$ cat upload.cif   # mmCIF, C-alpha atoms and all ligand atoms
data_query
#
loop_
_atom_site.label_atom_id
_atom_site.label_comp_id
_atom_site.auth_asym_id
_atom_site.auth_seq_id
_atom_site.Cartn_x
_atom_site.Cartn_y
_atom_site.Cartn_z
CA MET L 1 7.00 -22.68 -14.50
CA ALA L 2 9.87 -20.27 -13.80
CA MET L 3 9.15 -16.93 -12.11
CA LYS L 4 10.39 -13.98 -14.16
CA VAL L 5 12.12 -11.58 -11.76
CA ALA L 6 13.42 -8.19 -12.86
CA VAL L 7 16.09 -6.44 -10.80
CA THR L 8 17.17 -2.92 -11.68
CA GLY L 9 20.52 -1.56 -10.57
CA ALA L 10 21.71 -5.15 -10.78
CA ALA L 11 25.39 -4.17 -10.96
CA GLY L 12 25.17 -2.11 -7.79
CA GLN L 13 26.02 -2.85 -4.18
CA ILE L 14 22.55 -4.08 -3.21
CA GLY L 15 22.25 -5.99 -6.49
CA TYR L 16 25.46 -7.84 -5.73
CA SER L 17 23.98 -9.19 -2.50
CA LEU L 18 20.47 -9.63 -3.86
CA LEU L 19 20.92 -11.61 -7.07
CA PHE L 20 22.73 -14.59 -5.58
CA ARG L 21 20.08 -15.00 -2.87
CA ILE L 22 17.30 -14.93 -5.49
CA ALA L 23 19.14 -17.43 -7.70
CA ALA L 24 19.59 -19.73 -4.69
CA GLY L 25 15.83 -19.84 -4.07
CA ALA L 26 15.33 -17.30 -1.27
CA LEU L 27 12.21 -15.76 -2.84
CA PHE L 28 10.06 -18.70 -3.89
CA GLY L 29 11.61 -21.70 -2.17
CA PRO L 30 13.52 -24.80 -3.36
CA GLU L 31 10.96 -25.97 -5.93
CA THR L 32 10.59 -22.83 -8.08
CA CYS L 33 12.99 -21.82 -10.85
CA VAL L 34 13.70 -18.20 -11.68
CA GLU L 35 14.49 -16.26 -14.83
CA LEU L 36 16.57 -13.20 -13.94
CA ARG L 37 15.94 -10.03 -15.93
CA LEU L 38 18.68 -7.53 -15.10
CA LEU L 39 18.36 -3.85 -16.02
CA GLU L 40 21.24 -1.43 -15.90
CA ILE L 41 22.45 1.79 -17.52
CA PRO L 42 25.01 1.59 -20.35
CA SER L 43 27.99 2.63 -18.19
CA ALA L 44 27.38 -0.35 -15.88
CA ILE L 45 26.80 -3.06 -18.49
CA ASN L 46 30.36 -4.39 -18.37
CA ALA L 47 30.17 -4.67 -14.60
CA LEU L 48 26.81 -6.42 -14.97
CA GLU L 49 28.36 -8.88 -17.39
CA GLY L 50 30.82 -9.77 -14.63
CA VAL L 51 28.00 -10.33 -12.15
CA ALA L 52 26.25 -12.58 -14.66
CA MET L 53 29.47 -14.56 -15.11
CA GLU L 54 29.62 -15.11 -11.36
CA LEU L 55 25.97 -16.17 -11.27
CA ASP L 56 26.76 -18.73 -13.98
CA ASP L 57 29.79 -19.90 -12.02
CA CYS L 58 27.59 -20.68 -9.02
CA ALA L 59 25.72 -23.32 -11.08
CA PHE L 60 22.48 -22.56 -9.23
CA PRO L 61 19.99 -25.39 -9.93
CA LEU L 62 17.04 -22.98 -9.75
CA LEU L 63 18.48 -20.34 -12.09
CA ASP L 64 16.88 -21.01 -15.50
CA SER L 65 18.28 -18.02 -17.41
CA ILE L 66 19.73 -14.53 -17.21
CA GLN L 67 18.70 -11.73 -19.56
CA MET L 68 20.44 -8.38 -19.17
CA GLY L 69 20.28 -5.02 -20.87
CA THR L 70 19.50 -1.32 -20.76
CA ASN L 71 16.04 -1.40 -22.40
CA ALA L 72 13.30 -1.55 -19.78
CA ASP L 73 10.63 -2.60 -22.28
CA GLN L 74 12.71 -5.67 -23.15
CA ILE L 75 13.84 -6.52 -19.61
CA PHE L 76 10.39 -6.04 -18.01
CA ASP L 77 8.58 -8.06 -20.71
CA GLY L 78 6.34 -10.58 -18.95
CA VAL L 79 7.94 -10.20 -15.51
CA ASN L 80 6.04 -11.44 -12.46
CA LEU L 81 8.11 -9.51 -9.93
CA ALA L 82 10.07 -6.31 -10.39
CA LEU L 83 12.56 -5.20 -7.73
CA LEU L 84 13.37 -1.59 -8.50
CA VAL L 85 16.68 -1.04 -6.75
CA GLY L 86 18.51 0.97 -9.41
CA ALA L 87 18.96 4.49 -8.14
CA ARG L 88 21.69 6.69 -6.73
CA PRO L 89 22.36 6.24 -3.03
CA ARG L 90 22.77 9.19 -0.72
CA THR L 91 26.06 10.18 0.84
CA LYS L 92 26.90 11.72 4.19
CA ASP L 93 24.89 14.85 5.14
CA MET L 94 22.14 14.11 2.59
CA GLU L 95 18.53 13.26 3.34
CA ARG L 96 16.92 10.59 1.18
CA LYS L 97 14.46 13.12 -0.31
CA ASP L 98 17.50 15.03 -1.64
CA LEU L 99 17.78 12.15 -4.13
CA LEU L 100 14.45 12.95 -5.78
CA ASP L 101 16.00 15.21 -8.42
CA ALA L 102 18.47 12.47 -9.39
CA ASN L 103 16.27 9.41 -8.99
CA GLY L 104 12.64 10.41 -9.45
CA ALA L 105 12.64 10.33 -13.24
CA ILE L 106 13.99 6.75 -13.20
CA PHE L 107 10.71 5.61 -11.72
CA THR L 108 8.57 7.59 -14.16
CA ALA L 109 10.17 5.73 -17.06
CA GLN L 110 10.15 2.36 -15.33
CA GLY L 111 6.53 2.76 -14.26
CA LYS L 112 5.58 3.38 -17.89
CA ALA L 113 7.60 0.38 -19.09
CA LEU L 114 6.06 -1.96 -16.51
CA ASN L 115 2.64 -0.71 -17.47
CA ALA L 116 3.33 -1.61 -21.10
CA VAL L 117 4.92 -5.05 -20.83
CA ALA L 118 4.86 -6.64 -17.35
CA ALA L 119 2.82 -9.79 -16.68
CA ASP L 120 -0.76 -9.36 -15.48
CA ASP L 121 0.21 -10.71 -12.03
CA VAL L 122 3.22 -8.43 -11.57
CA ARG L 123 4.19 -7.16 -8.13
CA ILE L 124 6.62 -4.23 -7.87
CA GLY L 125 8.88 -3.65 -4.86
CA VAL L 126 10.77 -0.35 -4.74
CA THR L 127 14.03 -0.15 -2.82
CA GLY L 128 15.62 2.82 -4.61
CA ASN L 129 15.45 5.97 -2.48
CA PRO L 130 13.47 7.84 -1.58
CA ALA L 131 11.59 4.56 -1.74
CA ASN L 132 8.06 5.62 -0.77
CA THR L 133 7.89 8.51 -3.23
CA ASN L 134 9.68 6.59 -5.98
CA ALA L 135 7.06 3.86 -5.59
CA LEU L 136 4.35 6.53 -5.83
CA ILE L 137 5.96 7.83 -9.03
CA ALA L 138 6.13 4.35 -10.58
CA MET L 139 2.55 3.59 -9.50
CA ARG L 140 1.14 6.82 -10.92
CA ASN L 141 2.88 6.15 -14.25
CA ALA L 142 1.38 2.68 -14.50
CA PRO L 143 -2.38 3.33 -14.60
CA ASP L 144 -3.20 -0.16 -15.91
CA ILE L 145 -1.47 -1.93 -13.01
CA PRO L 146 -3.57 -1.97 -9.82
CA ALA L 147 -2.09 0.46 -7.27
CA GLU L 148 -1.92 -2.28 -4.64
CA ARG L 149 0.69 -4.10 -6.73
CA PHE L 150 3.27 -1.46 -5.77
CA SER L 151 5.15 -1.33 -2.48
CA ALA L 152 8.16 0.50 -1.07
CA LEU L 153 10.70 -1.10 1.23
CA THR L 154 10.33 -0.41 4.94
CA ARG L 155 11.23 -3.97 5.90
CA LEU L 156 14.84 -2.94 6.59
CA ASP L 157 13.50 -0.50 9.19
CA HIS L 158 11.21 -3.25 10.51
CA ASN L 159 14.15 -5.68 10.81
CA ARG L 160 16.28 -2.99 12.49
CA ALA L 161 13.51 -2.32 15.04
CA VAL L 162 13.14 -6.03 15.81
CA SER L 163 16.90 -6.33 16.31
CA GLN L 164 17.06 -3.32 18.64
CA LEU L 165 14.15 -4.60 20.73
CA ALA L 166 15.70 -8.06 21.00
CA THR L 167 19.00 -6.57 22.17
CA LYS L 168 17.31 -4.31 24.73
CA THR L 169 15.28 -7.16 26.24
CA GLY L 170 17.79 -9.99 25.90
CA SER L 171 15.34 -11.91 23.72
CA ARG L 172 15.72 -13.63 20.37
CA VAL L 173 14.51 -11.92 17.21
CA SER L 174 12.43 -15.06 16.63
CA ASP L 175 10.54 -14.30 19.87
CA ILE L 176 9.30 -10.95 18.52
CA ARG L 177 6.03 -10.42 16.66
CA LYS L 178 3.92 -7.51 15.39
CA MET L 179 6.58 -4.83 15.06
CA THR L 180 5.32 -1.87 13.03
CA ILE L 181 6.96 0.81 10.92
CA TRP L 182 4.56 3.65 10.10
CA GLY L 183 5.08 6.14 7.30
CA ASN L 184 8.09 7.16 5.27
CA HIS L 185 11.40 5.32 4.91
CA SER L 186 13.12 8.41 6.24
CA ALA L 187 14.13 10.02 9.51
CA THR L 188 10.43 10.77 10.17
CA GLN L 189 9.48 7.06 10.16
CA TYR L 190 7.75 5.83 13.32
CA PRO L 191 8.95 2.44 14.67
CA ASP L 192 6.06 1.41 16.95
CA ILE L 193 6.49 -1.26 19.63
CA PHE L 194 3.13 -0.58 21.34
CA HIS L 195 1.54 -3.53 19.50
CA ALA L 196 4.65 -5.72 19.42
CA GLU L 197 4.97 -8.89 21.46
CA ILE L 198 7.98 -10.66 22.93
CA ALA L 199 7.23 -14.36 23.47
CA GLY L 200 3.55 -13.46 23.73
CA ARG L 201 4.04 -10.59 26.22
CA HIS L 202 3.36 -6.91 25.39
CA ALA L 203 6.74 -5.50 24.35
CA ALA L 204 6.18 -2.04 25.86
CA GLU L 205 5.41 -3.67 29.22
CA VAL L 206 8.55 -5.82 29.02
CA VAL L 207 10.65 -2.73 28.19
CA ASN L 208 8.80 -0.58 30.74
CA ASP L 209 10.90 2.46 29.81
CA GLN L 210 9.20 5.21 27.80
CA GLN L 211 12.39 7.25 27.86
CA TRP L 212 14.30 4.40 26.12
CA ILE L 213 11.53 4.14 23.55
CA GLU L 214 11.47 7.85 22.80
CA GLN L 215 15.11 8.81 23.23
CA TYR L 216 16.94 5.67 22.07
CA PHE L 217 14.79 3.13 20.22
CA ILE L 218 12.95 5.41 17.78
CA PRO L 219 15.90 7.64 16.81
CA THR L 220 18.30 4.68 16.56
CA VAL L 221 16.04 2.91 14.07
CA ALA L 222 15.05 6.07 12.22
CA HIS L 223 18.65 7.23 11.77
CA ARG L 224 20.25 3.80 11.28
CA GLY L 225 20.81 4.43 7.58
CA SER L 226 22.90 7.51 8.31
CA ALA L 227 24.81 5.65 11.05
CA ILE L 228 25.72 2.93 8.57
CA ILE L 229 26.86 5.48 5.97
CA GLU L 230 29.03 7.06 8.68
CA ALA L 231 30.47 3.70 9.71
CA ARG L 232 30.85 2.01 6.30
CA GLY L 233 31.47 5.08 4.18
CA SER L 234 28.59 3.94 1.96
CA SER L 235 24.94 3.10 2.45
CA SER L 236 23.61 -0.23 3.60
CA ALA L 237 23.70 -2.96 0.98
CA ALA L 238 23.65 -6.55 2.26
CA SER L 239 21.06 -5.75 4.95
CA ALA L 240 19.01 -3.88 2.34
CA ALA L 241 19.20 -6.85 0.00
CA SER L 242 18.16 -9.16 2.83
CA ALA L 243 15.18 -6.92 3.64
CA THR L 244 14.22 -6.71 -0.04
CA ILE L 245 14.11 -10.52 -0.10
CA ASP L 246 12.15 -10.70 3.19
CA ALA L 247 9.59 -8.18 1.94
CA ALA L 248 9.01 -9.81 -1.46
CA ARG L 249 8.98 -13.35 -0.06
CA ASP L 250 6.43 -12.52 2.62
CA TRP L 251 4.32 -10.52 0.15
CA LEU L 252 4.10 -13.48 -2.24
CA SER L 253 4.00 -16.41 0.18
CA GLY L 254 2.15 -14.87 3.15
CA THR L 255 2.82 -13.67 6.65
CA PRO L 256 2.65 -16.14 9.57
CA ASP L 257 -0.73 -16.45 11.34
CA ASP L 258 0.64 -14.79 14.50
CA ASP L 259 2.58 -11.96 12.88
CA TRP L 260 2.49 -9.17 10.33
CA ALA L 261 4.97 -7.27 8.19
CA SER L 262 5.62 -3.57 7.58
CA MET L 263 5.16 -2.51 3.95
CA ALA L 264 4.75 0.90 2.38
CA VAL L 265 1.55 0.55 0.37
CA VAL L 266 -1.04 2.87 -1.11
CA SER L 267 -3.20 4.24 1.70
CA ASP L 268 -6.96 3.64 1.60
CA GLY L 269 -7.51 6.16 4.39
CA SER L 270 -6.81 3.68 7.19
CA TYR L 271 -5.75 5.27 10.49
CA GLY L 272 -6.59 8.68 9.04
CA ILE L 273 -3.71 8.58 6.54
CA ALA L 274 -4.57 10.46 3.36
CA GLU L 275 -5.76 8.17 0.56
CA GLY L 276 -3.19 7.64 -2.19
CA LEU L 277 -0.07 8.20 -0.06
CA MET L 278 2.56 5.42 -0.25
CA TYR L 279 2.72 4.91 3.51
CA SER L 280 4.18 2.10 5.64
CA PHE L 281 1.49 0.18 7.51
CA PRO L 282 1.32 -3.13 9.39
CA VAL L 283 -0.01 -5.61 6.85
CA THR L 284 -0.89 -9.27 6.64
CA THR L 285 -0.36 -10.97 3.29
CA LYS L 286 -1.84 -13.99 1.56
CA HIS L 287 -1.47 -15.30 -2.03
CA GLY L 288 0.34 -12.12 -3.09
CA ASN L 289 -2.23 -9.73 -1.63
CA TRP L 290 -1.87 -7.50 1.42
CA GLU L 291 -4.35 -6.16 3.91
CA ILE L 292 -3.71 -3.36 6.37
CA VAL L 293 -4.12 -4.59 9.97
CA GLN L 294 -7.18 -2.78 11.25
CA GLY L 295 -8.35 -1.75 14.70
CA LEU L 296 -5.02 -1.06 16.40
CA GLU L 297 -5.34 1.39 19.28
CA ILE L 298 -3.30 4.54 18.55
CA ASN L 299 -2.24 6.62 21.56
CA ASP L 300 -1.57 10.37 21.35
CA PHE L 301 2.20 9.85 21.14
CA SER L 302 1.81 7.49 18.21
CA ARG L 303 -0.78 9.70 16.52
CA ALA L 304 1.60 12.66 16.47
CA LYS L 305 4.43 10.54 15.03
CA MET L 306 2.18 8.99 12.38
CA ASP L 307 0.90 12.39 11.27
CA ALA L 308 4.39 13.92 11.08
CA THR L 309 5.68 11.26 8.70
CA ALA L 310 2.48 11.53 6.63
CA ALA L 311 3.08 15.27 6.31
CA GLU L 312 6.57 14.61 4.91
CA LEU L 313 5.11 12.23 2.33
CA VAL L 314 2.62 14.91 1.27
CA GLN L 315 5.53 17.33 0.83
CA GLU L 316 7.45 14.82 -1.29
CA ARG L 317 4.33 14.10 -3.38
CA ASP L 318 3.88 17.84 -3.99
CA MET L 319 7.56 18.12 -4.94
CA VAL L 320 7.36 15.36 -7.56
CA THR L 321 4.11 16.78 -8.87
CA GLU L 322 5.84 20.11 -9.42
CA LEU L 323 8.71 18.25 -11.12
CA GLY L 324 6.16 16.73 -13.51
CA LEU L 325 7.10 13.19 -12.47
CA ILE L 326 3.49 12.24 -11.71
N1 LIG V 401 14.69 1.41 1.03
C1 LIG V 401 15.73 0.95 1.71
O1 LIG V 401 15.59 0.40 2.83
C2 LIG V 401 17.11 1.11 1.13
C3 LIG V 401 18.21 0.54 1.78
C4 LIG V 401 19.50 0.70 1.20
C5 LIG V 401 19.65 1.42 0.02
N2 LIG V 401 18.54 1.94 -0.59
C6 LIG V 401 18.64 2.66 -1.86
O2 LIG V 401 18.81 1.71 -2.92
C7 LIG V 401 19.42 2.34 -4.04
C8 LIG V 401 20.57 1.50 -4.57
O3 LIG V 401 21.57 1.44 -3.60
P1 LIG V 401 23.00 0.75 -3.97
O4 LIG V 401 23.81 0.76 -2.73
O5 LIG V 401 22.77 -0.52 -4.69
O6 LIG V 401 23.59 1.85 -4.98
P2 LIG V 401 24.72 1.61 -6.10
O7 LIG V 401 25.11 2.98 -6.56
O8 LIG V 401 25.73 0.67 -5.61
O9 LIG V 401 23.93 0.87 -7.26
C9 LIG V 401 22.90 1.52 -7.94
C10 LIG V 401 22.86 0.89 -9.32
O10 LIG V 401 21.74 1.42 -10.01
C11 LIG V 401 22.12 1.59 -11.35
N3 LIG V 401 21.18 2.51 -11.99
C12 LIG V 401 21.17 3.86 -11.94
N4 LIG V 401 20.15 4.34 -12.69
C13 LIG V 401 19.53 3.26 -13.21
C14 LIG V 401 18.41 3.07 -14.08
N5 LIG V 401 17.76 4.13 -14.58
N6 LIG V 401 18.05 1.81 -14.42
C15 LIG V 401 18.72 0.75 -13.93
N7 LIG V 401 19.78 0.84 -13.10
C16 LIG V 401 20.17 2.09 -12.76
C17 LIG V 401 23.55 2.11 -11.28
O11 LIG V 401 24.21 1.93 -12.52
C18 LIG V 401 24.10 1.24 -10.16
O12 LIG V 401 24.68 0.05 -10.67
C19 LIG V 401 19.85 3.74 -3.54
O13 LIG V 401 18.88 4.70 -3.93
C20 LIG V 401 19.84 3.58 -2.02
O14 LIG V 401 19.61 4.80 -1.35
C21 LIG V 401 17.28 1.81 -0.06
O1 LIG V 402 20.15 5.50 4.57
C1 LIG V 402 20.25 5.34 3.33
O2 LIG V 402 20.34 6.26 2.52
C2 LIG V 402 20.24 3.92 2.80
C3 LIG V 402 19.00 3.20 3.25
O3 LIG V 402 17.84 3.94 2.99
C4 LIG V 402 19.08 2.74 4.69
O4 LIG V 402 18.12 2.98 5.44
O5 LIG V 402 20.10 2.12 5.03
#
$ encode --input "upload.cif" --output "structure tokens"
Amino acid sequence: MAMKVAVTGAAGQIGYSLLFRIAAGALFGPETCVELRLLEIPSAINALEGVAMELDDCAFPLLDSIQMGTNADQIFDGVNLALLVGARPRTKDMERKDLLDANGAIFTAQGKALNAVAADDVRIGVTGNPANTNALIAMRNAPDIPAERFSALTRLDHNRAVSQLATKTGSRVSDIRKMTIWGNHSATQYPDIFHAEIAGRHAAEVVNDQQWIEQYFIPTVAHRGSAIIEARGSSSAASAASATIDAARDWLSGTPDDDWASMAVVSDGSYGIAEGLMYSFPVTTKHGNWEIVQGLEINDFSRAKMDATAAELVQERDMVTELGLI
């Protein structure tokens, strides 16, 4: 039985890296076929046709079919997974929340369409920025889909944090477990290594340098998106596509027994985070369901960082409420 996967913004930069990985089996493994459902806006349909031609030319054994179009109700019909990437990226000197005016309404419409036609088992991953609040918008416009089926991408931040820690300690990324991104996919995010492990050892003890944590590690991860825009002249794309795959794959097939993932999910009040916020937590996943890792000790430094990013998410939620998007 093929998995029906919708990707919005399929003709964009992230889409161009994402689609070929999905068609090659990166999401569900070498035994599961996929039906791609590609949603774009009219001005990008010709470009999308070109992408579809290239997908055909790859002769992917697992790619059953490609359906493309501009009508969300048609494209989302019966989908099991929806990757909502389609949205304007920011440019230099913008914050991601500055995109809300341009992008927020996209997720109102797409939330409504998913609510009307998606499969009963649908999972929705939001990459389009500002990802957390766009996921909140989609979720609040899809009252018949359980809130826990929505998530926003903070796996790119998680991967960035793992990479920085590996470089600092001369370890392999495969040695690192239990990295955590708390809060908003924005400059207020809190990359937390106080629970992370490097080859079974407490990462903070291996680093043994609070100044590096506070003055290099956290700001480097939190501002990496801007650094990439500065370096590339456009926002991250291939690394974002890779993280989108990592997040959806782990959500659907499960996290390893000795690790967890970072996902922005609807808060249930855990760690004192206001219920209903779309907030990045450490989660374990199994059979397409996630659970927030409970009982982590939160020191005063972490508490302050976690609360600051929660406050920004409240601001963004109030902004989109005023805009009538939720
Ligand atoms: N959360 C993350 O970690 C992360 C990482 C990188 C980029 N992003 C965000 O992902 C989004 C896409 O980035 P990109 O580099 O692919 O941008 P892009 O401009 O290259 O592509 C965006 C695509 O979305 C399409 N689009 C616009 N409105 C649409 C709609 N209503 N329905 C369907 N498609 C629509 C556009 O036509 C375009 O093809 C941006 O908002 C960017 O900020 C998020
Ligand atoms: O920084 C951006 O605007 C793109 C993306 O959110 C990123 O973190 O690379």
$ residues_around --input "upload.cif" --residues "Ala243 (chain L)" --least-positions-apart "4" --cutoff "9 Å" --atoms "all atoms listed in the file" --output "mmCIF file with C-alpha atoms, in the coordinates of the input"
data_model
loop_
_atom_site.group_PDB
_atom_site.id
_atom_site.type_symbol
_atom_site.label_atom_id
_atom_site.label_comp_id
_atom_site.auth_asym_id
_atom_site.auth_seq_id
_atom_site.Cartn_x
_atom_site.Cartn_y
_atom_site.Cartn_z
ATOM 1 C CA LEU L 153 10.700 -1.100 1.230
ATOM 2 C CA THR L 154 10.330 -0.410 4.940
ATOM 3 C CA ARG L 155 11.230 -3.970 5.900
ATOM 4 C CA LEU L 156 14.840 -2.940 6.590
ATOM 5 C CA ASP L 157 13.500 -0.500 9.190
ATOM 6 C CA HIS L 158 11.210 -3.250 10.510
ATOM 7 C CA ASN L 159 14.150 -5.680 10.810
ATOM 8 C CA ALA L 238 23.650 -6.550 2.260
ATOM 9 C CA SER L 239 21.060 -5.750 4.950
ATOM 10 C CA ALA L 247 9.590 -8.180 1.940
ATOM 11 C CA ALA L 248 9.010 -9.810 -1.460
#
$ residues_around --input "upload.cif" --residues "Gly104 (chain L)" --least-positions-apart "6" --cutoff "10 Å" --atoms "all atoms listed in the file" --output "ChimeraX atom specification"
/L:87,97,128-131,133-138,320,323-326
$ closest_residue --input "upload.cif" --among "L:Lys112, L:Arg123, L:His195, L:His185" --to "ligand LIG 401 (chain V)" --atoms "only C-alpha atoms and all ligand atoms"
L:His185
$ residues_near_ligand --input "upload.cif" --ligand "ligand LIG 402 (chain V)" --cutoff "6 Å" --atoms "only C-alpha atoms and all ligand atoms" --output "ChimeraX atom specification"
/L:89-90,96,225-226,235-236
$ residues_near_point --input "upload.cif" --point "(-0.4, -1.8, 2.6)" --cutoff "9 Å" --atoms "all atoms listed in the file" --output "ChimeraX atom specification"
/L:148,151,262-268,278-284,290-293
$ closest_residue --input "upload.cif" --among "L:Asp144, L:Asp101, L:Glu197, L:Asp175" --to "ligand LIG 401 (chain V)" --atoms "all atoms listed in the file"
L:Asp101
$ closest_residue --input "upload.cif" --among "L:Ala147, L:Arg232, L:Gly125, L:Val85" --to "Ser17 (chain L)" --atoms "only C-alpha atoms"
L:Val85
$ atom_distance --input "upload.cif" --atom1 "CA of Ile41 (chain L)" --atom2 "CA of Ile124 (chain L)"
19.5 Å
$ residues_around --input "upload.cif" --residues "Val173 (chain L)" --least-positions-apart "5" --cutoff "10 Å" --atoms "all atoms listed in the file" --output "ChimeraX atom specification"
/L:159,161-167,198-199
$ axis_aligned_box --input "upload.cif" --around "ligand LIG 401 (chain V)" --padding-each-side "3 Å" --output "JSON"
{"center_x": 20.2, "center_y": 2.1, "center_z": -5.9, "size_x": 17.0, "size_y": 11.3, "size_z": 23.4}
$ closest_residue --input "upload.cif" --among "L:Asp192, L:Glu297, L:Asp246, L:Asp209" --to "ligand LIG 401 (chain V)" --atoms "only C-alpha atoms and all ligand atoms"
L:Asp246
$ closest_residue --input "upload.cif" --among "L:Ala59, L:Ala6, L:Ile218, L:Ile213" --to "ligand LIG 401 (chain V)" --atoms "all atoms listed in the file"
L:Ala6
$ residues_around --input "upload.cif" --residues "Ile245 (chain L)" --least-positions-apart "2" --cutoff "9 Å" --atoms "only C-alpha atoms" --output "list in words"
Leu18, Arg21, Ile22, Ala26, Leu27, Ala240, Ala241, Ser242, Ala243, Ala247, Ala248, Arg249 and Asp250 of chain L
$ atom_distance --input "upload.cif" --atom1 "CA of Val117 (chain L)" --atom2 "CA of Asp77 (chain L)"
4.7 Å
$ atom_distance --input "upload.cif" --atom1 "CA of Pro146 (chain L)" --atom2 "CA of Gln110 (chain L)"
15.4 Å
$ closest_residue --input "upload.cif" --among "L:Leu83, L:Ala311, L:Met94, L:Cys58" --to "His223 (chain L)" --atoms "only C-alpha atoms"
L:Met94
